[in-house]
$ cat start17.tsv   # TSV, C-alpha atoms and all ligand atoms
chain	number	residue	atom	x	y	z
Z	1	MET	CA	-21.53	-68.15	7.58
Z	2	ASN	CA	-19.17	-66.81	4.88
Z	3	LEU	CA	-20.47	-63.30	4.22
Z	4	SER	CA	-17.90	-62.49	1.60
Z	5	ALA	CA	-18.77	-65.64	-0.43
Z	6	LEU	CA	-22.49	-64.80	-0.15
Z	7	ASN	CA	-21.83	-61.29	-1.46
Z	8	THR	CA	-19.66	-62.60	-4.32
Z	9	THR	CA	-22.39	-65.03	-5.38
Z	10	ALA	CA	-25.13	-62.40	-5.09
Z	11	LEU	CA	-23.13	-59.97	-7.26
Z	12	ALA	CA	-22.50	-62.70	-9.85
Z	13	MET	CA	-26.24	-63.39	-10.02
Z	14	VAL	CA	-26.87	-59.81	-11.15
Z	15	THR	CA	-23.91	-59.40	-13.51
Z	16	PRO	CA	-24.90	-56.73	-16.07
Z	17	GLY	CA	-25.94	-58.38	-19.33
Z	18	LYS	CA	-27.18	-61.51	-17.54
Z	19	GLY	CA	-30.19	-62.59	-15.52
Z	20	ILE	CA	-31.76	-65.59	-13.85
Z	21	LEU	CA	-33.75	-68.37	-15.50
Z	22	ALA	CA	-36.61	-69.45	-13.23
Z	23	ALA	CA	-36.97	-73.11	-14.24
Z	24	ASP	CA	-38.31	-74.16	-10.84
Z	25	GLU	CA	-41.88	-75.01	-11.82
Z	26	SER	CA	-43.25	-77.55	-9.38
Z	27	THR	CA	-44.68	-80.74	-10.86
Z	28	GLY	CA	-48.20	-79.27	-10.88
Z	29	THR	CA	-47.14	-76.03	-12.60
Z	30	ILE	CA	-45.01	-77.69	-15.30
Z	31	LYS	CA	-47.95	-80.00	-16.02
Z	32	LYS	CA	-50.09	-76.91	-16.72
Z	33	ARG	CA	-47.39	-75.52	-19.04
Z	34	PHE	CA	-47.09	-78.89	-20.85
Z	35	ASP	CA	-50.89	-79.27	-21.09
Z	36	ALA	CA	-50.94	-75.98	-23.01
Z	37	ILE	CA	-48.59	-77.42	-25.64
Z	38	LYS	CA	-50.20	-80.89	-25.51
Z	39	VAL	CA	-47.15	-82.65	-24.05
Z	40	GLU	CA	-47.50	-85.33	-21.38
Z	41	SER	CA	-45.78	-84.32	-18.14
Z	42	THR	CA	-43.55	-87.37	-17.61
Z	43	GLU	CA	-40.24	-87.27	-15.75
Z	44	GLN	CA	-38.40	-87.86	-19.04
Z	45	ASN	CA	-40.23	-85.10	-20.90
Z	46	ARG	CA	-39.54	-82.66	-18.09
Z	47	ARG	CA	-35.87	-83.66	-18.21
Z	48	ASP	CA	-35.66	-83.42	-22.02
Z	49	TYR	CA	-37.27	-80.00	-22.02
Z	50	ARG	CA	-34.96	-78.57	-19.36
Z	51	GLU	CA	-31.90	-80.24	-20.88
Z	52	MET	CA	-32.78	-78.48	-24.14
Z	53	LEU	CA	-32.67	-75.10	-22.35
Z	54	PHE	CA	-29.50	-75.81	-20.37
Z	55	ARG	CA	-27.61	-76.87	-23.52
Z	56	SER	CA	-28.69	-73.83	-25.53
Z	57	ASP	CA	-26.57	-70.92	-26.64
Z	58	GLY	CA	-28.89	-68.59	-24.70
Z	59	MET	CA	-27.24	-69.72	-21.46
Z	60	LYS	CA	-24.54	-67.13	-22.12
Z	61	TYR	CA	-27.11	-64.52	-21.09
Z	62	ILE	CA	-28.01	-66.40	-17.88
Z	63	SER	CA	-26.23	-65.96	-14.54
Z	64	GLY	CA	-28.11	-68.59	-12.55
Z	65	VAL	CA	-30.86	-71.18	-12.91
Z	66	ILE	CA	-33.51	-71.86	-10.27
Z	67	LEU	CA	-34.22	-75.59	-10.18
Z	68	TYR	CA	-36.92	-77.75	-8.64
Z	69	ASP	CA	-36.10	-80.65	-6.32
Z	70	GLU	CA	-36.60	-83.23	-9.10
Z	71	THR	CA	-34.39	-81.32	-11.57
Z	72	ILE	CA	-31.41	-80.77	-9.27
Z	73	ARG	CA	-31.15	-84.56	-8.93
Z	74	GLN	CA	-31.70	-85.42	-12.64
Z	75	ASN	CA	-29.16	-86.50	-15.25
Z	76	ALA	CA	-29.17	-85.52	-18.92
Z	77	ALA	CA	-29.83	-88.22	-21.54
Z	78	ASP	CA	-26.06	-88.95	-21.71
Z	79	GLY	CA	-25.84	-89.35	-17.91
Z	80	THR	CA	-24.33	-85.90	-17.14
Z	81	PRO	CA	-26.01	-84.33	-14.09
Z	82	LEU	CA	-28.11	-81.34	-15.17
Z	83	VAL	CA	-26.31	-79.32	-12.48
Z	84	LYS	CA	-23.03	-79.97	-14.32
Z	85	LEU	CA	-24.54	-78.76	-17.62
Z	86	ILE	CA	-25.51	-75.53	-15.88
Z	87	GLU	CA	-22.07	-75.07	-14.34
Z	88	ARG	CA	-20.34	-75.83	-17.66
Z	89	ALA	CA	-22.43	-73.08	-19.24
Z	90	GLY	CA	-20.91	-70.69	-16.67
Z	91	CYS	CA	-24.11	-70.40	-14.62
Z	92	ILE	CA	-24.83	-70.85	-10.92
Z	93	PRO	CA	-27.31	-73.58	-9.90
Z	94	GLY	CA	-30.04	-72.56	-7.45
Z	95	ILE	CA	-33.01	-74.30	-5.85
Z	96	LYS	CA	-36.61	-73.51	-4.97
Z	97	VAL	CA	-37.06	-74.46	-1.31
Z	98	ASP	CA	-40.57	-73.31	-0.51
Z	99	GLU	CA	-43.22	-76.01	-0.51
Z	100	GLY	CA	-46.01	-73.99	-2.05
Z	101	THR	CA	-48.91	-72.10	-0.48
Z	102	ARG	CA	-51.76	-73.02	1.88
Z	103	PRO	CA	-54.96	-71.08	2.67
Z	104	LEU	CA	-54.50	-68.63	5.52
Z	105	PRO	CA	-57.03	-69.29	8.31
Z	106	SER	CA	-59.60	-66.48	8.72
Z	107	CYS	CA	-58.26	-64.64	5.65
Z	108	PRO	CA	-60.46	-65.71	2.73
Z	109	GLY	CA	-58.62	-65.70	-0.61
Z	110	GLU	CA	-55.18	-65.31	0.98
Z	111	THR	CA	-52.35	-67.79	1.47
Z	112	VAL	CA	-49.16	-68.39	3.41
Z	113	THR	CA	-46.10	-70.08	1.92
Z	114	ILE	CA	-44.92	-73.18	3.77
Z	115	GLY	CA	-41.65	-75.15	3.92
Z	116	LEU	CA	-39.74	-73.99	7.02
Z	117	ASP	CA	-39.88	-77.38	8.77
Z	118	ARG	CA	-36.56	-79.20	8.32
Z	119	LEU	CA	-35.39	-76.41	5.97
Z	120	ALA	CA	-31.92	-76.27	7.57
Z	121	ASP	CA	-31.35	-79.97	6.74
Z	122	ARG	CA	-32.69	-79.59	3.22
Z	123	LEU	CA	-30.36	-76.64	2.59
Z	124	THR	CA	-27.34	-78.74	3.62
Z	125	THR	CA	-28.40	-81.42	1.13
Z	126	TYR	CA	-28.96	-78.87	-1.65
Z	127	TYR	CA	-25.55	-77.26	-1.03
Z	128	ALA	CA	-23.96	-80.70	-1.44
Z	129	LEU	CA	-25.90	-81.13	-4.70
Z	130	GLY	CA	-24.40	-77.85	-6.02
Z	131	ALA	CA	-26.96	-75.16	-5.14
Z	132	ARG	CA	-25.39	-71.81	-4.22
Z	133	PHE	CA	-28.61	-69.85	-4.02
Z	134	ALA	CA	-32.23	-70.59	-3.14
Z	135	LYS	CA	-35.66	-69.13	-3.74
Z	136	TRP	CA	-38.82	-68.76	-1.64
Z	137	ARG	CA	-41.95	-67.18	-3.11
Z	138	ALA	CA	-44.60	-65.47	-0.98
Z	139	VAL	CA	-47.84	-64.90	-2.88
Z	140	ILE	CA	-49.78	-61.76	-1.97
Z	141	ALA	CA	-53.29	-61.39	-3.35
Z	142	ILE	CA	-54.55	-57.85	-3.99
Z	143	ASP	CA	-57.90	-56.16	-4.52
Z	144	LYS	CA	-59.09	-52.58	-4.64
Z	145	ASP	CA	-59.55	-52.10	-0.87
Z	146	ASN	CA	-59.39	-55.00	1.64
Z	147	ILE	CA	-56.76	-57.43	0.43
Z	148	PRO	CA	-53.98	-57.99	1.39
Z	149	SER	CA	-54.81	-58.22	5.07
Z	150	MET	CA	-52.23	-57.17	7.65
Z	151	THR	CA	-52.13	-60.85	8.64
Z	152	ALA	CA	-51.16	-62.10	5.17
Z	153	VAL	CA	-48.45	-59.47	4.76
Z	154	HIS	CA	-47.02	-60.17	8.21
Z	155	VAL	CA	-46.94	-63.99	8.15
Z	156	ASN	CA	-45.48	-64.11	4.66
Z	157	ALA	CA	-42.80	-61.51	5.47
Z	158	HIS	CA	-41.95	-63.39	8.66
Z	159	ALA	CA	-41.54	-66.66	6.73
Z	160	LEU	CA	-39.32	-64.91	4.13
Z	161	GLY	CA	-37.14	-63.64	6.97
Z	162	ARG	CA	-36.86	-67.10	8.57
Z	163	TYR	CA	-36.02	-68.67	5.22
Z	164	ALA	CA	-33.42	-66.02	4.33
Z	165	ALA	CA	-31.63	-66.34	7.69
Z	166	LEU	CA	-31.50	-70.15	7.38
Z	167	CYS	CA	-30.12	-69.89	3.82
Z	168	GLN	CA	-27.30	-67.58	4.84
Z	169	ALA	CA	-26.39	-69.84	7.77
Z	170	ALA	CA	-25.99	-72.62	5.16
Z	171	ASN	CA	-23.87	-70.34	2.87
Z	172	ILE	CA	-26.67	-70.16	0.32
Z	173	VAL	CA	-27.79	-66.79	-1.10
Z	174	PRO	CA	-31.53	-66.31	-0.55
Z	175	ILE	CA	-33.67	-64.89	-3.33
Z	176	VAL	CA	-36.45	-63.18	-1.39
Z	177	GLU	CA	-39.58	-63.21	-3.57
Z	178	PRO	CA	-42.67	-61.41	-2.31
Z	179	GLU	CA	-45.01	-61.47	-5.33
Z	180	VAL	CA	-48.00	-59.13	-5.35
Z	181	LEU	CA	-50.17	-60.76	-7.99
Z	182	MET	CA	-51.29	-59.00	-11.18
Z	183	ASP	CA	-54.78	-60.58	-11.03
Z	184	GLY	CA	-57.57	-58.04	-10.44
Z	185	ASP	CA	-59.00	-54.77	-11.67
Z	186	HIS	CA	-57.01	-52.51	-9.31
Z	187	ASP	CA	-55.07	-49.62	-10.82
Z	188	ILE	CA	-51.32	-48.99	-10.79
Z	189	GLU	CA	-51.58	-46.69	-7.75
Z	190	ARG	CA	-53.08	-49.50	-5.70
Z	191	CYS	CA	-50.29	-51.84	-6.85
Z	192	PHE	CA	-47.74	-49.19	-5.84
Z	193	GLU	CA	-49.26	-48.75	-2.38
Z	194	VAL	CA	-49.61	-52.50	-1.68
Z	195	THR	CA	-46.17	-53.44	-3.02
Z	196	ARG	CA	-44.57	-50.70	-0.92
Z	197	ARG	CA	-46.38	-51.95	2.18
Z	198	VAL	CA	-45.25	-55.52	1.50
Z	199	LEU	CA	-41.60	-54.58	0.86
Z	200	ASP	CA	-41.51	-52.41	4.00
Z	201	GLU	CA	-42.69	-55.37	6.06
Z	202	VAL	CA	-40.28	-57.77	4.35
Z	203	PHE	CA	-37.23	-55.56	5.03
Z	204	HIS	CA	-38.41	-55.02	8.60
Z	205	GLU	CA	-38.44	-58.82	9.11
Z	206	LEU	CA	-35.09	-59.27	7.35
Z	207	ARG	CA	-33.53	-56.81	9.79
Z	208	ILE	CA	-35.18	-58.37	12.86
Z	209	GLN	CA	-33.91	-61.79	11.75
Z	210	ARG	CA	-30.37	-60.42	11.12
Z	211	VAL	CA	-30.23	-61.20	7.42
Z	212	ALA	CA	-27.13	-59.72	5.73
Z	213	LEU	CA	-28.60	-57.47	3.07
Z	214	ASP	CA	-25.45	-57.63	0.92
Z	215	GLY	CA	-25.80	-61.42	0.70
Z	216	MET	CA	-29.32	-61.63	-0.77
Z	217	ILE	CA	-31.26	-60.83	-3.94
Z	218	LEU	CA	-34.76	-59.35	-4.00
Z	219	LYS	CA	-37.24	-60.76	-6.54
Z	220	PRO	CA	-40.27	-58.46	-6.57
Z	221	ASN	CA	-43.16	-57.81	-8.92
Z	222	MET	CA	-43.10	-54.65	-10.98
Z	223	VAL	CA	-45.63	-51.91	-10.21
Z	224	VAL	CA	-48.26	-52.48	-12.89
Z	225	SER	CA	-52.01	-52.09	-13.44
Z	226	GLY	CA	-54.14	-55.11	-12.49
Z	227	LYS	CA	-54.65	-57.47	-15.44
Z	228	SER	CA	-58.33	-56.56	-15.79
Z	229	CYS	CA	-58.04	-52.85	-14.96
Z	230	PRO	CA	-59.61	-50.93	-17.86
Z	231	GLU	CA	-56.74	-48.43	-17.82
Z	232	GLN	CA	-53.36	-50.07	-18.44
Z	233	ALA	CA	-50.30	-48.01	-17.48
Z	234	ALA	CA	-47.78	-47.40	-20.26
Z	235	VAL	CA	-44.19	-48.66	-20.19
Z	236	ALA	CA	-42.73	-45.34	-18.97
Z	237	GLU	CA	-45.17	-45.13	-16.05
Z	238	VAL	CA	-44.52	-48.74	-14.97
Z	239	ALA	CA	-40.78	-48.06	-15.02
Z	240	GLU	CA	-41.02	-44.78	-13.10
Z	241	ARG	CA	-43.43	-46.04	-10.44
Z	242	THR	CA	-41.47	-49.28	-9.92
Z	243	VAL	CA	-38.15	-47.48	-9.52
Z	244	GLN	CA	-39.72	-44.90	-7.19
Z	245	MET	CA	-41.19	-47.67	-5.03
Z	246	LEU	CA	-37.85	-49.53	-4.91
Z	247	ARG	CA	-35.95	-46.36	-3.99
Z	248	GLU	CA	-38.33	-45.86	-1.08
Z	249	CYS	CA	-38.11	-49.45	0.23
Z	250	VAL	CA	-34.90	-51.25	-0.78
Z	251	PRO	CA	-31.64	-50.41	1.03
Z	252	ALA	CA	-28.63	-49.76	-1.21
Z	253	ALA	CA	-26.79	-52.62	0.53
Z	254	VAL	CA	-28.89	-55.11	-1.48
Z	255	PRO	CA	-26.68	-56.01	-4.49
Z	256	GLY	CA	-29.46	-56.63	-6.95
Z	257	ILE	CA	-33.11	-56.87	-7.80
Z	258	ALA	CA	-34.20	-59.59	-10.24
Z	259	PHE	CA	-37.85	-59.17	-11.24
Z	260	LEU	CA	-40.46	-61.86	-11.78
Z	261	SER	CA	-42.58	-61.50	-14.93
Z	262	GLY	CA	-45.86	-62.44	-13.23
Z	263	GLY	CA	-47.94	-63.05	-16.36
Z	264	GLN	CA	-46.82	-60.01	-18.39
Z	265	SER	CA	-46.38	-60.58	-22.12
Z	266	ASP	CA	-42.83	-61.48	-23.14
Z	267	GLU	CA	-42.24	-58.13	-24.75
Z	268	ASP	CA	-43.77	-56.09	-21.90
Z	269	ALA	CA	-41.52	-57.83	-19.38
Z	270	THR	CA	-38.49	-56.92	-21.50
Z	271	ALA	CA	-39.62	-53.35	-22.28
Z	272	HIS	CA	-40.33	-52.60	-18.61
Z	273	LEU	CA	-36.92	-53.87	-17.46
Z	274	ASP	CA	-35.21	-51.90	-20.21
Z	275	ALA	CA	-37.06	-48.67	-19.36
Z	276	MET	CA	-36.11	-49.00	-15.67
Z	277	ASN	CA	-32.44	-49.46	-16.49
Z	278	ARG	CA	-32.55	-46.31	-18.61
Z	279	LEU	CA	-33.58	-44.37	-15.46
Z	280	GLY	CA	-30.17	-44.97	-13.84
Z	281	PRO	CA	-27.87	-44.56	-12.08
Z	282	LEU	CA	-29.57	-46.77	-9.52
Z	283	PRO	CA	-28.26	-48.07	-6.18
Z	284	TRP	CA	-28.70	-51.73	-7.14
Z	285	LYS	CA	-28.41	-53.81	-10.31
Z	286	LEU	CA	-31.79	-54.47	-11.96
Z	287	THR	CA	-32.23	-57.66	-13.97
Z	288	PHE	CA	-34.67	-60.48	-14.69
Z	289	SER	CA	-35.57	-63.72	-12.96
Z	290	TYR	CA	-38.29	-64.72	-15.37
Z	291	GLY	CA	-40.12	-68.01	-15.70
Z	292	ARG	CA	-42.95	-67.54	-18.16
Z	293	ALA	CA	-41.47	-64.56	-20.02
Z	294	LEU	CA	-38.37	-66.63	-20.88
Z	295	GLN	CA	-40.02	-69.98	-21.44
Z	296	ALA	CA	-43.37	-69.45	-23.18
Z	297	ALA	CA	-41.70	-69.05	-26.60
Z	298	PRO	CA	-39.38	-72.08	-26.36
Z	299	GLN	CA	-42.22	-74.24	-25.05
Z	300	GLN	CA	-44.35	-73.35	-28.08
Z	301	ALA	CA	-41.46	-73.95	-30.49
Z	302	TRP	CA	-40.45	-77.27	-28.92
Z	303	ALA	CA	-43.92	-78.77	-28.43
Z	304	GLY	CA	-42.43	-81.99	-27.06
Z	305	LYS	CA	-40.74	-83.08	-30.32
Z	306	ALA	CA	-37.02	-83.89	-30.39
Z	307	ALA	CA	-36.86	-82.59	-33.97
Z	308	ASN	CA	-37.90	-79.16	-32.68
Z	309	THR	CA	-35.02	-78.90	-30.18
Z	310	PRO	CA	-32.99	-76.42	-32.30
Z	311	ALA	CA	-36.11	-74.24	-32.78
Z	312	GLY	CA	-36.82	-74.36	-29.05
Z	313	GLN	CA	-33.23	-73.38	-28.28
Z	314	ARG	CA	-33.34	-70.48	-30.77
Z	315	ALA	CA	-36.57	-69.19	-29.22
Z	316	PHE	CA	-35.07	-69.38	-25.72
Z	317	SER	CA	-31.80	-67.75	-26.79
Z	318	HIS	CA	-33.68	-64.89	-28.43
Z	319	ARG	CA	-35.70	-64.10	-25.28
Z	320	ALA	CA	-32.63	-64.47	-23.07
Z	321	ARG	CA	-30.70	-62.07	-25.32
Z	322	MET	CA	-33.52	-59.52	-25.40
Z	323	ASN	CA	-33.70	-59.51	-21.59
Z	324	ALA	CA	-29.90	-59.38	-21.28
Z	325	LEU	CA	-29.97	-56.21	-23.40
Z	326	ALA	CA	-32.77	-54.84	-21.19
Z	327	SER	CA	-30.62	-55.49	-18.11
Z	328	ARG	CA	-28.21	-52.92	-19.57
Z	329	GLY	CA	-30.91	-50.57	-20.88
Z	330	GLU	CA	-29.85	-51.39	-24.44
Z	331	TRP	CA	-32.96	-53.15	-25.79
Z	332	THR	CA	-35.09	-51.72	-28.63
Z	333	ALA	CA	-38.42	-52.90	-30.03
Z	334	ALA	CA	-36.74	-53.20	-33.45
Z	335	LEU	CA	-34.43	-55.92	-32.09
Z	336	GLU	CA	-37.50	-58.02	-31.29
Z	337	LYS	CA	-38.09	-58.49	-34.99
Z	338	GLU	CA	-34.78	-60.27	-35.48
Z	339	ALA	CA	-35.56	-63.91	-36.24
Z	340	ALA	CA	-35.90	-65.90	-33.01
Z	401	LIG	C1	-41.22	-70.89	-12.60
Z	401	LIG	O1	-42.33	-70.69	-11.73
Z	401	LIG	C2	-41.98	-70.62	-10.36
Z	401	LIG	C3	-42.57	-71.72	-9.56
Z	401	LIG	O2	-43.93	-71.68	-9.45
Z	401	LIG	P1	-44.72	-72.84	-8.61
Z	401	LIG	O3	-44.06	-72.96	-7.27
Z	401	LIG	O4	-46.09	-72.26	-8.55
Z	401	LIG	O5	-44.66	-74.09	-9.39
Z	401	LIG	C4	-42.31	-69.20	-9.83
Z	401	LIG	O6	-42.06	-69.04	-8.47
Z	401	LIG	C5	-41.42	-68.28	-10.58
Z	401	LIG	O7	-40.07	-68.51	-10.22
Z	401	LIG	C6	-41.71	-66.81	-10.35
Z	401	LIG	O8	-43.06	-66.55	-10.13
Z	401	LIG	C7	-41.26	-66.06	-11.58
Z	401	LIG	O9	-41.89	-66.64	-12.69
Z	401	LIG	P2	-42.72	-65.69	-13.67
Z	401	LIG	O10	-43.40	-66.64	-14.61
Z	401	LIG	O11	-43.65	-64.89	-12.80
Z	401	LIG	O12	-41.65	-64.84	-14.32

$ encode --input "start17.tsv" --output "structure tokens" --more "lines below"
Ligand code: 5MM
Amino acid sequence: MNLSALNTTALAMVTPGKGILAADESTGTIKKRFDAIKVESTEQNRRDYREMLFRSDGMKYISGVILYDETIRQNAADGTPLVKLIERAGCIPGIKVDEGTRPLPSCPGETVTIGLDRLADRLTTYYALGARFAKWRAVIAIDKDNIPSMTAVHVNAHALGRYAALCQAANIVPIVEPEVLMDGDHDIERCFEVTRRVLDEVFHELRIQRVALDGMILKPNMVVSGKSCPEQAAVAEVAERTVQMLRECVPAAVPGIAFLSGGQSDEDATAHLDAMNRLGPLPWKLTFSYGRALQAAPQQAWAGKAANTPAGQRAFSHRARMNALASRGEWTAALEKEAA
């Protein structure tokens, strides 16, 4: 294991003014996204869409791209591997290595993320294909009182620890993603309490499994009100509670924290990140690793038509730039109005 190379890669992933593009939708998830814009989810359409993003000007605001197994092996229309397009844009290729979630026995409504079997071999293959970081997402359901169970928190944290240790042994930086969902009518306090419990357990497992904290990136949810909670916390409260929770749980040795957007609106995801970065100095870099909050706009603008490629690229570049500004605490709502 080359600890210094892992640390160098992790620091590059959270370079101020840049963030991570989560383009690792599994085939089922990208189909849902394409259904929404009435585009058939064929291998070629998936390739064309992602090629559009990787060739866009907005890549200058991106440090790394999380790919799906299909994408890391695909070539652009002119035969260039998509991985090469990403590298030429100055970005680091990464790979999603979890294999999705399965119901957790005896824990109704909760899941465990799978994919540890043969993971060491898969990581060797992905390294050869160009991946220098990986991602594993644990999904934690939440309600007002009983969920998550101790079981769900424990098994998911344990799996994140196993995954992270295997990644580092393969010289791949693990993105550790424990996502407490936004779905539900719980308030922001409940989200704070549950997310803190989850992160405590995750870091406990990372230590037990001897993961080098300076060679990883954390990808958490922000502390927000549940989507259907009647009282929605304002931007300043989300920023303060999230930073407080991170200060309590995340050791300063971790180089950076790259948030997921989790179903927030595009502008909320940007405003929250910006407000947190204005609360500095902080022990770690705070940036984005957004899927939906970077891609919803370009998907709408593209709508599966080659003629819309420039519009799709402009929409993506605009969101990437807004979030890059937020990663420095330099975003303003007025900038949003600039033509996408
Ligand atoms: C891009 O979506 C990722 C993959 O999801 P599936 O495995 O369900 O297909 C997802 O893990 C994503 O990387 C994170 O949730 C961040 O994306 P959002 O949309 O929450 O910013």

$ residues_near_ligand --input "start17.tsv" --ligand "ligand LIG 401 (chain Z)" --cutoff "10 Å" --atoms "all atoms listed in the file" --output "CSV table (one decimal) with C-alpha atoms, in the coordinates of the input"
chain,number,residue,atom,x,y,z
Z,20,ILE,CA,-31.8,-65.6,-13.8
Z,21,LEU,CA,-33.8,-68.4,-15.5
Z,22,ALA,CA,-36.6,-69.4,-13.2
Z,23,ALA,CA,-37.0,-73.1,-14.2
Z,24,ASP,CA,-38.3,-74.2,-10.8
Z,25,GLU,CA,-41.9,-75.0,-11.8
Z,26,SER,CA,-43.2,-77.6,-9.4
Z,27,THR,CA,-44.7,-80.7,-10.9
Z,28,GLY,CA,-48.2,-79.3,-10.9
Z,29,THR,CA,-47.1,-76.0,-12.6
Z,30,ILE,CA,-45.0,-77.7,-15.3
Z,31,LYS,CA,-48.0,-80.0,-16.0
Z,32,LYS,CA,-50.1,-76.9,-16.7
Z,65,VAL,CA,-30.9,-71.2,-12.9
Z,66,ILE,CA,-33.5,-71.9,-10.3
Z,67,LEU,CA,-34.2,-75.6,-10.2
Z,68,TYR,CA,-36.9,-77.8,-8.6
Z,96,LYS,CA,-36.6,-73.5,-5.0
Z,97,VAL,CA,-37.1,-74.5,-1.3
Z,98,ASP,CA,-40.6,-73.3,-0.5
Z,99,GLU,CA,-43.2,-76.0,-0.5
Z,100,GLY,CA,-46.0,-74.0,-2.0
Z,101,THR,CA,-48.9,-72.1,-0.5
Z,113,THR,CA,-46.1,-70.1,1.9
Z,135,LYS,CA,-35.7,-69.1,-3.7
Z,136,TRP,CA,-38.8,-68.8,-1.6
Z,137,ARG,CA,-42.0,-67.2,-3.1
Z,138,ALA,CA,-44.6,-65.5,-1.0
Z,139,VAL,CA,-47.8,-64.9,-2.9
Z,177,GLU,CA,-39.6,-63.2,-3.6
Z,178,PRO,CA,-42.7,-61.4,-2.3
Z,179,GLU,CA,-45.0,-61.5,-5.3
Z,181,LEU,CA,-50.2,-60.8,-8.0
Z,182,MET,CA,-51.3,-59.0,-11.2
Z,219,LYS,CA,-37.2,-60.8,-6.5
Z,220,PRO,CA,-40.3,-58.5,-6.6
Z,221,ASN,CA,-43.2,-57.8,-8.9
Z,258,ALA,CA,-34.2,-59.6,-10.2
Z,259,PHE,CA,-37.8,-59.2,-11.2
Z,260,LEU,CA,-40.5,-61.9,-11.8
Z,261,SER,CA,-42.6,-61.5,-14.9
Z,262,GLY,CA,-45.9,-62.4,-13.2
Z,263,GLY,CA,-47.9,-63.0,-16.4
Z,264,GLN,CA,-46.8,-60.0,-18.4
Z,266,ASP,CA,-42.8,-61.5,-23.1
Z,269,ALA,CA,-41.5,-57.8,-19.4
Z,288,PHE,CA,-34.7,-60.5,-14.7
Z,289,SER,CA,-35.6,-63.7,-13.0
Z,290,TYR,CA,-38.3,-64.7,-15.4
Z,291,GLY,CA,-40.1,-68.0,-15.7
Z,292,ARG,CA,-43.0,-67.5,-18.2
Z,293,ALA,CA,-41.5,-64.6,-20.0
Z,294,LEU,CA,-38.4,-66.6,-20.9
Z,295,GLN,CA,-40.0,-70.0,-21.4
Z,296,ALA,CA,-43.4,-69.4,-23.2

$ residues_around --input "start17.tsv" --residues "Asn323 of chain Z" --least-positions-apart "2" --cutoff "12 Å" --atoms "all atoms listed in the file" --output "PyMOL selection string"
chain Z and resi 16-21+58+60-62+258-259+261+266-275+277+286-290+293-294+316-321+325-333+335-336

$ residues_around --input "start17.tsv" --residues "Arg190 of chain Z" --least-positions-apart "3" --cutoff "9 Å" --atoms "only C-alpha atoms" --output "list of chain:residue names"
Z:Ile142, Z:Asp143, Z:Lys144, Z:Asp145, Z:His186, Z:Asp187, Z:Glu193, Z:Val194, Z:Thr195, Z:Ser225, Z:Gly226

$ closest_residue --input "start17.tsv" --among "Z:Val112, Z:Ile172, Z:Ala120, Z:Val155" --to "Ile92 of chain Z" --atoms "only C-alpha atoms"
Z:Ile172

$ closest_residue --input "start17.tsv" --among "Z:Met322, Z:Val173, Z:Ala315, Z:Ala306" --to "Tyr49 of chain Z" --atoms "all atoms listed in the file"
Z:Ala306

$ closest_residue --input "start17.tsv" --among "Z:Ile95, Z:Val39, Z:Ile188, Z:Ala239" --to "Gly280 of chain Z" --atoms "only C-alpha atoms"
Z:Ala239

$ residues_around --input "start17.tsv" --residues "Tyr126 of chain Z" --least-positions-apart "2" --cutoff "10 Å" --atoms "all atoms listed in the file" --output "number ranges by chain"
Z: 69, 72-73, 93-97, 121-124, 128-134, 170, 172

$ residues_near_point --input "start17.tsv" --point "(-36.2, -44.3, -3.9)" --cutoff "12 Å" --atoms "all atoms listed in the file" --output "number ranges by chain"
Z: 196, 240-252, 279-284

$ atom_distance --input "start17.tsv" --atom1 "atom CA of Trp302 of chain Z" --atom2 "atom CA of Glu51 of chain Z"
12.1 Å

$ closest_residue --input "start17.tsv" --among "Z:Pro310, Z:Val224, Z:Leu11, Z:Gln44" --to "Val238 of chain Z" --atoms "all atoms listed in the file"
Z:Val224

$ atom_distance --input "start17.tsv" --atom1 "atom CA of Ala77 of chain Z" --atom2 "atom CA of Thr309 of chain Z"
13.7 Å

$ residues_around --input "start17.tsv" --residues "Ala141 of chain Z" --least-positions-apart "4" --cutoff "10 Å" --atoms "only C-alpha atoms" --output "PDB file with C-alpha atoms, in the coordinates of the input"
ATOM      1  CA  GLY Z 109     -58.620 -65.700  -0.610  1.00  0.00           C
ATOM      2  CA  GLU Z 110     -55.180 -65.310   0.980  1.00  0.00           C
ATOM      3  CA  THR Z 111     -52.350 -67.790   1.470  1.00  0.00           C
ATOM      4  CA  ILE Z 147     -56.760 -57.430   0.430  1.00  0.00           C
ATOM      5  CA  PRO Z 148     -53.980 -57.990   1.390  1.00  0.00           C
ATOM      6  CA  SER Z 149     -54.810 -58.220   5.070  1.00  0.00           C
ATOM      7  CA  ALA Z 152     -51.160 -62.100   5.170  1.00  0.00           C
ATOM      8  CA  VAL Z 153     -48.450 -59.470   4.760  1.00  0.00           C
ATOM      9  CA  GLU Z 179     -45.010 -61.470  -5.330  1.00  0.00           C
ATOM     10  CA  VAL Z 180     -48.000 -59.130  -5.350  1.00  0.00           C
ATOM     11  CA  LEU Z 181     -50.170 -60.760  -7.990  1.00  0.00           C
ATOM     12  CA  MET Z 182     -51.290 -59.000 -11.180  1.00  0.00           C
ATOM     13  CA  ASP Z 183     -54.780 -60.580 -11.030  1.00  0.00           C
ATOM     14  CA  GLY Z 184     -57.570 -58.040 -10.440  1.00  0.00           C
ATOM     15  CA  VAL Z 194     -49.610 -52.500  -1.680  1.00  0.00           C
TER      16      VAL Z 194
END

$ atom_distance --input "start17.tsv" --atom1 "atom CA of Phe203 of chain Z" --atom2 "atom CA of Pro103 of chain Z"
23.7 Å

$ residues_around --input "start17.tsv" --residues "Pro174 of chain Z" --least-positions-apart "6" --cutoff "9 Å" --atoms "all atoms listed in the file" --output "list in words"
Ala10, Phe133, Ala134, Lys135, Trp136, Tyr163, Ala164, Ala165, Leu166, Cys167, Gln168, Gly215, Met216, Ile217 and Leu218 of chain Z
